[in-house]
Amino acid sequence: MSAYQAPLADIGFILEHLAGLDEIAGLPGCEEASPDLVAAIHQEAGRFAAGVLAPLNPAGDRQGCRLEDGRVIAPAGWADAYRQFAEGGWVGLSLPVEHGGQGMPKIVSAAVAEMWASANMAFAMLPQLNVGQAEALMHAASGELKAIYLAKLVSGEWAGTMNLTEAQSGSDLSTIRTRAKPQKDGSHRLFGQKIFISYGEHELARNIVHLVLARLPDAPPGVKGISLFLVPKFLVNADGSLGARNDVRCIAIEHKLGIRGSPTCTLSYGEAGGAVGYLVGEANRGLEVMFVMMNEARFGVGLQGIALGETAYQKSLAYARERVQGRDAVTGKSGVPIICHADVRRMLLTMRAKVMAPRMLAYVAAGWFDSARHHPDPAVADKHRRFIDLLMPVVKAWSTELGNEVCDMAVQIHGGMGFVEETGVSQHLRDARIITIYEGTTGIQANDLIGRKILREGGETLQRLIAEMRGVADELRDSAELAALGASLADDLATLEATLAWLLAAGRERQAEVLAGAVPFLHLLGTVCGSWQMGRAALVAARGNSDYLSGILGLARFYFAQLAPQTAALARIVTEGGAAVVESGEAIFG
């Protein structure tokens, strides 16, 4: 089967025409992101992804990780690949220059992160953790901790993790039991266990820095009593060298459906007197700091959905062009490639649309991140910050749900060959299954969207976003060639607005009914945002004259014809379907 190749044409089109690379490069602190430099970065990242990471992916899946005498052994080739990765400066691509990073905007690093996950998702999870941890430490750590740890994390010499989950708590962090006991020297000793810790133990980096949620002795109950601690695998001496092994060890690794090349660990703290840890931020406010890392992770997981969909699509397209079977219904010719069959063609186009629409939205959101951080006009920065906050659940959950659908469709296109391991698409399906679960399930993201992002502020930010989208609908309707797309987008926006009005009216008084429709509403909002971005892409493509732009215009028409109509059905499920959930008695379960 064909190897992964970075979709540089799609990336370049979106960054230039939809995400506003030129505008971002004009912001203070982003001036280095010239089009030529960005293109060079993406070309080199694509070469590394295709040439180094992708070849390791199947073997990493077959070999997995193993635990031997407390040591986690990574798959063959992982250590050398990580050494090349760190030496290439890829870990710190988006992190500040003052800490040893390259200072590139998120709009640049997002595309690179997608390439890593497409080529080898299990590997790509490791550097992504460094980026999130560095962001959290820059936000809340003391000057002393920053001086000791940030440069090492940014360079990739040391690795990072985040330790949230415990066996009894799952997603309910209010029930965590890990304890932190204060010491006279200002440090703490930690006791407890954490599960599902990605890259919790390995020997790819010289040290591992854990960010751990735990409770102080006098902490109030619930989430308001959670503090955050930095716990290194090896203690750090005054001169910066590594000292003794800390009291944290891996006692098990998970045997998983997918991402088998990444070690998912159970970590035990304090079996020999207490693991030395250092408070990050204020006591009892650790969850606020951890959310900095979690938001970074949620955006990254959204990119993983896009990434796995892309590589599954590439394999499926190549297979459909090569696999000869059946008769062409139009010409009557027999022995044709299966891409000639209408249903296979429909699936391939659906896959491409379900990759491109969330990619467009995610890259646009990456530009909002940069604008929120760097724009000199506080009003513009605040608007984009609010858009990010509103749509983060969509970027995470909608992108990953679509990624699962695309990977599942890849197996279908390959037929019986998709069900066996040799083609590789079954691995993508297995890898993709976790992304709708970790960093907050789709249900959790949908509840957050409804409760914290919409009802809490009376839908104000969503109304503002709808107004922006309506401007695109008007532009489309002003074009004779694209008027039908504009009318479709306008209808879908009216549907979205009416559904929002229903949510606000139902509000807290019919909360169970509202939450029963939360996931369908998230898909509704994602689908409309996809129409918005596809409409913007169509406006650009209609002004050009190339095979690529013709393809973009055709893809936009396909999206509006095949995917956008789901909006009406989703709205009906939200507004009318909740009662069937809430009012059902126990007898319904049989």
# chains A, B, ... in the order shown; residues from 1 in each chain; ligands from 1

call {"tool": "select_by_dssp", "arguments": {"residues": "range 298-528 of chain A", "states": "helix (DSSP H, G or I)", "output": "PyMOL selection string"}}
result
chain A and resi 298-322+338-340+342-374+378-419+421-423+425-436+442-457+460-477+483-506+511-516+518-528

call {"tool": "residues_around", "arguments": {"residues": "Leu522 in chain A", "least_positions_apart": "3", "cutoff": "6 Å", "atoms": "only C-alpha atoms", "output": "list in words"}}
result
Ala446, Val519 and Leu525 of chain A

call {"tool": "residues_around", "arguments": {"residues": "Leu53 in chain A", "least_positions_apart": "6", "cutoff": "8 Å", "atoms": "only C-alpha atoms", "output": "PyMOL selection string"}}
result
chain A and resi 81+116+119-120+123

call {"tool": "closest_residue", "arguments": {"among": "A:Gly471, A:Leu317, A:Trp368, A:Thr495", "to": "Val411 in chain A", "atoms": "only C-alpha atoms"}}
result
A:Leu317

call {"tool": "select_by_dssp", "arguments": {"residues": "range 21-252 of chain A", "states": "strand (DSSP E)", "output": "MDAnalysis selection string"}}
result
chainID A and resid 66:68 71:73 158:163 179:182 188:198 207:214 227:232 234:236 242:245 248:252

call {"tool": "write_last_selection", "arguments": {"atoms": "N, CA and C atoms", "output": "short mmCIF file (atom, residue, chain, number, x, y, z; two decimals), in the first residue's frame"}}
result
data_model
loop_
_atom_site.label_atom_id
_atom_site.label_comp_id
_atom_site.auth_asym_id
_atom_site.auth_seq_id
_atom_site.Cartn_x
_atom_site.Cartn_y
_atom_site.Cartn_z
N ARG A 66 6.65 -3.11 26.45
CA ARG A 66 6.65 -4.15 27.49
C ARG A 66 7.32 -3.62 28.75
N LEU A 67 6.86 -4.15 29.87
CA LEU A 67 7.36 -3.75 31.18
C LEU A 67 8.25 -4.87 31.72
N GLU A 68 9.51 -4.54 32.00
CA GLU A 68 10.47 -5.51 32.51
C GLU A 68 11.20 -4.92 33.71
N ARG A 71 11.09 -1.27 34.11
CA ARG A 71 11.49 -0.51 32.93
C ARG A 71 10.49 -0.75 31.81
N VAL A 72 10.12 0.32 31.12
CA VAL A 72 9.25 0.19 29.95
C VAL A 72 10.13 0.21 28.71
N ILE A 73 10.03 -0.83 27.92
CA ILE A 73 10.80 -0.95 26.69
C ILE A 73 9.92 -0.53 25.53
N TRP A 158 14.12 16.29 28.32
CA TRP A 158 13.26 15.67 29.31
C TRP A 158 11.85 15.58 28.72
N ALA A 159 11.10 14.59 29.17
CA ALA A 159 9.73 14.38 28.68
C ALA A 159 8.73 14.80 29.76
N GLY A 160 7.49 15.03 29.33
CA GLY A 160 6.44 15.45 30.27
C GLY A 160 5.25 14.51 30.25
N THR A 161 4.48 14.54 31.32
CA THR A 161 3.21 13.80 31.39
C THR A 161 2.20 14.65 32.14
N MET A 162 0.93 14.22 32.09
CA MET A 162 -0.05 14.78 33.02
C MET A 162 -0.77 13.63 33.70
N ASN A 163 -0.89 13.72 35.01
CA ASN A 163 -1.45 12.66 35.86
C ASN A 163 -2.75 13.12 36.48
N ARG A 179 -2.51 11.96 47.78
CA ARG A 179 -2.24 12.91 48.86
C ARG A 179 -0.87 13.58 48.68
N ALA A 180 -0.80 14.83 49.12
CA ALA A 180 0.46 15.57 49.13
C ALA A 180 0.71 16.10 50.54
N LYS A 181 1.81 15.70 51.13
CA LYS A 181 2.14 16.09 52.50
C LYS A 181 3.24 17.16 52.48
N PRO A 182 2.96 18.36 53.02
CA PRO A 182 3.96 19.44 53.01
C PRO A 182 5.20 19.07 53.84
N HIS A 188 6.87 18.80 48.83
CA HIS A 188 5.80 17.94 49.32
C HIS A 188 6.16 16.49 49.05
N ARG A 189 5.52 15.58 49.77
CA ARG A 189 5.66 14.16 49.51
C ARG A 189 4.31 13.64 49.05
N LEU A 190 4.31 12.95 47.90
CA LEU A 190 3.06 12.49 47.30
C LEU A 190 2.90 10.99 47.49
N PHE A 191 1.60 10.58 47.72
CA PHE A 191 1.25 9.19 47.94
C PHE A 191 -0.03 8.89 47.17
N GLY A 192 -0.02 7.83 46.37
CA GLY A 192 -1.22 7.45 45.64
C GLY A 192 -0.89 6.78 44.33
N GLN A 193 -1.95 6.48 43.55
CA GLN A 193 -1.78 5.84 42.25
C GLN A 193 -2.55 6.62 41.19
N LYS A 194 -1.96 6.65 39.98
CA LYS A 194 -2.61 7.24 38.82
C LYS A 194 -2.64 6.20 37.70
N ILE A 195 -3.72 6.18 36.96
CA ILE A 195 -3.85 5.21 35.87
C ILE A 195 -3.99 5.94 34.53
N PHE A 196 -3.80 5.18 33.44
CA PHE A 196 -3.94 5.69 32.08
C PHE A 196 -2.98 6.86 31.81
N ILE A 197 -1.74 6.78 32.28
CA ILE A 197 -0.79 7.87 32.10
C ILE A 197 0.04 7.61 30.85
N SER A 198 -0.22 8.38 29.81
CA SER A 198 0.50 8.22 28.55
C SER A 198 1.97 8.57 28.74
N ASN A 207 14.94 12.24 31.55
CA ASN A 207 14.11 12.43 32.74
C ASN A 207 12.67 12.57 32.29
N ILE A 208 11.74 12.27 33.19
CA ILE A 208 10.32 12.44 32.93
C ILE A 208 9.75 13.35 34.01
N VAL A 209 9.03 14.37 33.61
CA VAL A 209 8.47 15.36 34.54
C VAL A 209 6.96 15.15 34.58
N HIS A 210 6.47 14.73 35.73
CA HIS A 210 5.03 14.46 35.89
C HIS A 210 4.34 15.68 36.50
N LEU A 211 3.21 16.08 35.93
CA LEU A 211 2.32 17.04 36.59
C LEU A 211 1.18 16.23 37.19
N VAL A 212 1.03 16.31 38.52
CA VAL A 212 0.17 15.40 39.25
C VAL A 212 -0.87 16.17 40.06
N LEU A 213 -2.13 15.80 39.90
CA LEU A 213 -3.19 16.35 40.73
C LEU A 213 -3.26 15.57 42.05
N ALA A 214 -3.27 16.30 43.17
CA ALA A 214 -3.31 15.66 44.49
C ALA A 214 -3.96 16.61 45.49
N SER A 227 -4.85 20.35 44.18
CA SER A 227 -3.63 21.12 43.89
C SER A 227 -2.82 20.39 42.83
N LEU A 228 -1.88 21.10 42.22
CA LEU A 228 -1.06 20.54 41.16
C LEU A 228 0.41 20.53 41.58
N PHE A 229 1.07 19.40 41.33
CA PHE A 229 2.45 19.23 41.75
C PHE A 229 3.32 18.74 40.59
N LEU A 230 4.53 19.25 40.55
CA LEU A 230 5.53 18.77 39.61
C LEU A 230 6.37 17.71 40.31
N VAL A 231 6.42 16.51 39.73
CA VAL A 231 7.13 15.39 40.34
C VAL A 231 8.08 14.80 39.30
N PRO A 232 9.39 15.00 39.42
CA PRO A 232 10.31 14.44 38.43
C PRO A 232 10.62 12.97 38.69
N PHE A 234 13.57 11.64 38.08
CA PHE A 234 14.85 11.79 38.78
C PHE A 234 14.90 13.18 39.41
N LEU A 235 15.30 13.26 40.65
CA LEU A 235 15.47 14.56 41.30
C LEU A 235 16.59 15.32 40.60
N VAL A 236 16.52 16.64 40.70
CA VAL A 236 17.49 17.50 40.01
C VAL A 236 18.39 18.16 41.05
N LEU A 242 21.22 15.41 37.05
CA LEU A 242 20.22 14.50 37.59
C LEU A 242 20.76 13.77 38.80
N GLY A 243 19.89 13.64 39.83
CA GLY A 243 20.29 12.99 41.06
C GLY A 243 19.60 11.65 41.23
N ALA A 244 19.13 11.40 42.43
CA ALA A 244 18.56 10.11 42.78
C ALA A 244 17.20 9.89 42.12
N ARG A 245 16.84 8.63 41.97
CA ARG A 245 15.51 8.26 41.45
C ARG A 245 14.45 8.64 42.47
N VAL A 248 8.63 7.23 42.56
CA VAL A 248 7.51 7.01 41.66
C VAL A 248 7.93 5.89 40.71
N ARG A 249 7.05 4.91 40.54
CA ARG A 249 7.42 3.82 39.65
C ARG A 249 6.20 3.30 38.89
N CYS A 250 6.49 2.72 37.75
CA CYS A 250 5.45 2.12 36.91
C CYS A 250 5.20 0.70 37.39
N ILE A 251 3.96 0.39 37.74
CA ILE A 251 3.65 -0.95 38.23
C ILE A 251 2.85 -1.77 37.22
N ALA A 252 2.43 -1.13 36.12
CA ALA A 252 1.71 -1.86 35.06
C ALA A 252 1.62 -0.99 33.83
#

call {"tool": "residues_around", "arguments": {"residues": "Asp22 in chain A", "least_positions_apart": "5", "cutoff": "9 Å", "atoms": "only C-alpha atoms", "output": "list of chain:residue names"}}
result
A:Leu15, A:Glu16, A:Ala33, A:Ser34, A:Pro35

call {"tool": "closest_residue", "arguments": {"among": "A:Met534, A:Ala512, A:Ile339, A:Ala6", "to": "Val581 in chain A", "atoms": "only C-alpha atoms"}}
result
A:Ala512

call {"tool": "closest_residue", "arguments": {"among": "A:Val324, A:Ala318, A:Ala136, A:Ile176", "to": "Leu150 in chain A", "atoms": "only C-alpha atoms"}}
result
A:Ala136

call {"tool": "residues_around", "arguments": {"residues": "Tyr199 in chain A", "least_positions_apart": "2", "cutoff": "8 Å", "atoms": "only C-alpha atoms", "output": "number ranges by chain"}}
result
A: 126, 161, 197, 201-202, 262-265

call {"tool": "write_last_selection", "arguments": {"atoms": "N, CA and C atoms", "output": "mmCIF file, in the first residue's frame"}}
result
data_model
loop_
_atom_site.group_PDB
_atom_site.id
_atom_site.type_symbol
_atom_site.label_atom_id
_atom_site.label_comp_id
_atom_site.auth_asym_id
_atom_site.auth_seq_id
_atom_site.Cartn_x
_atom_site.Cartn_y
_atom_site.Cartn_z
ATOM 1 N N LEU A 126 3.994 11.670 22.542
ATOM 2 C CA LEU A 126 5.054 12.035 23.490
ATOM 3 C C LEU A 126 5.408 13.518 23.411
ATOM 4 N N THR A 161 4.485 14.536 31.324
ATOM 5 C CA THR A 161 3.214 13.802 31.389
ATOM 6 C C THR A 161 2.199 14.649 32.139
ATOM 7 N N ILE A 197 -1.745 6.780 32.280
ATOM 8 C CA ILE A 197 -0.793 7.870 32.101
ATOM 9 C C ILE A 197 0.037 7.607 30.855
ATOM 10 N N GLU A 201 6.180 6.096 31.823
ATOM 11 C CA GLU A 201 7.523 5.553 32.053
ATOM 12 C C GLU A 201 8.100 5.111 30.708
ATOM 13 N N HIS A 202 9.351 5.451 30.480
ATOM 14 C CA HIS A 202 10.078 5.053 29.274
ATOM 15 C C HIS A 202 11.512 5.532 29.441
ATOM 16 N N SER A 262 2.668 3.408 22.222
ATOM 17 C CA SER A 262 2.815 4.354 23.337
ATOM 18 C C SER A 262 2.511 3.637 24.650
ATOM 19 N N PRO A 263 3.388 3.752 25.639
ATOM 20 C CA PRO A 263 3.126 3.092 26.926
ATOM 21 C C PRO A 263 2.082 3.853 27.737
ATOM 22 N N THR A 264 1.004 3.191 28.090
ATOM 23 C CA THR A 264 -0.021 3.765 28.961
ATOM 24 C C THR A 264 0.128 3.098 30.320
ATOM 25 N N CYS A 265 0.514 3.886 31.319
ATOM 26 C CA CYS A 265 1.056 3.332 32.559
ATOM 27 C C CYS A 265 0.151 3.550 33.768
#

call {"tool": "residues_around", "arguments": {"residues": "Gly51 in chain A", "least_positions_apart": "4", "cutoff": "10 Å", "atoms": "only C-alpha atoms", "output": "ChimeraX atom specification"}}
result
/A:3-5,45-47,55-56,119

call {"tool": "closest_residue", "arguments": {"among": "A:Tyr149, A:Gln133, A:Cys65, A:Ala74", "to": "His99 in chain A", "atoms": "only C-alpha atoms"}}
result
A:Tyr149

call {"tool": "residues_around", "arguments": {"residues": "Leu496 in chain A", "least_positions_apart": "5", "cutoff": "9 Å", "atoms": "only C-alpha atoms", "output": "PyMOL selection string"}}
result
chain A and resi 466+491+501+521+524-525+528+567-568+571

call {"tool": "write_last_selection", "arguments": {"atoms": "C-alpha atoms", "output": "PDB file, in the first residue's frame"}}
result
ATOM      1  CA  ILE A 466     -23.577  33.126  13.767  1.00  0.00           C
ATOM      2  CA  ASP A 491     -31.111  28.011   5.977  1.00  0.00           C
ATOM      3  CA  ALA A 501     -33.364  29.719  21.076  1.00  0.00           C
ATOM      4  CA  PHE A 521     -26.233  19.718  19.169  1.00  0.00           C
ATOM      5  CA  LEU A 524     -25.149  20.262  14.558  1.00  0.00           C
ATOM      6  CA  LEU A 525     -22.790  23.123  15.406  1.00  0.00           C
ATOM      7  CA  VAL A 528     -22.747  24.197  10.304  1.00  0.00           C
ATOM      8  CA  THR A 567     -28.403  19.889  10.083  1.00  0.00           C
ATOM      9  CA  ALA A 568     -32.201  19.752   9.979  1.00  0.00           C
ATOM     10  CA  ALA A 571     -31.917  20.072  15.129  1.00  0.00           C
TER      11      ALA A 571
END

call {"tool": "atom_distance", "arguments": {"atom1": "CA of Leu349 in chain A", "atom2": "CA of Ile11 in chain A"}}
result
18.0 Å

call {"tool": "closest_residue", "arguments": {"among": "A:Ala307, A:Ala579, A:Ala86, A:Ile107", "to": "Leu204 in chain A", "atoms": "only C-alpha atoms"}}
result
A:Ala86

call {"tool": "closest_residue", "arguments": {"among": "A:Val380, A:Val406, A:Ile413, A:Lys233", "to": "Asp343 in chain A", "atoms": "only C-alpha atoms"}}
result
A:Ile413

call {"tool": "atom_distance", "arguments": {"atom1": "CA of Val472 in chain A", "atom2": "CA of Ser399 in chain A"}}
result
22.1 Å
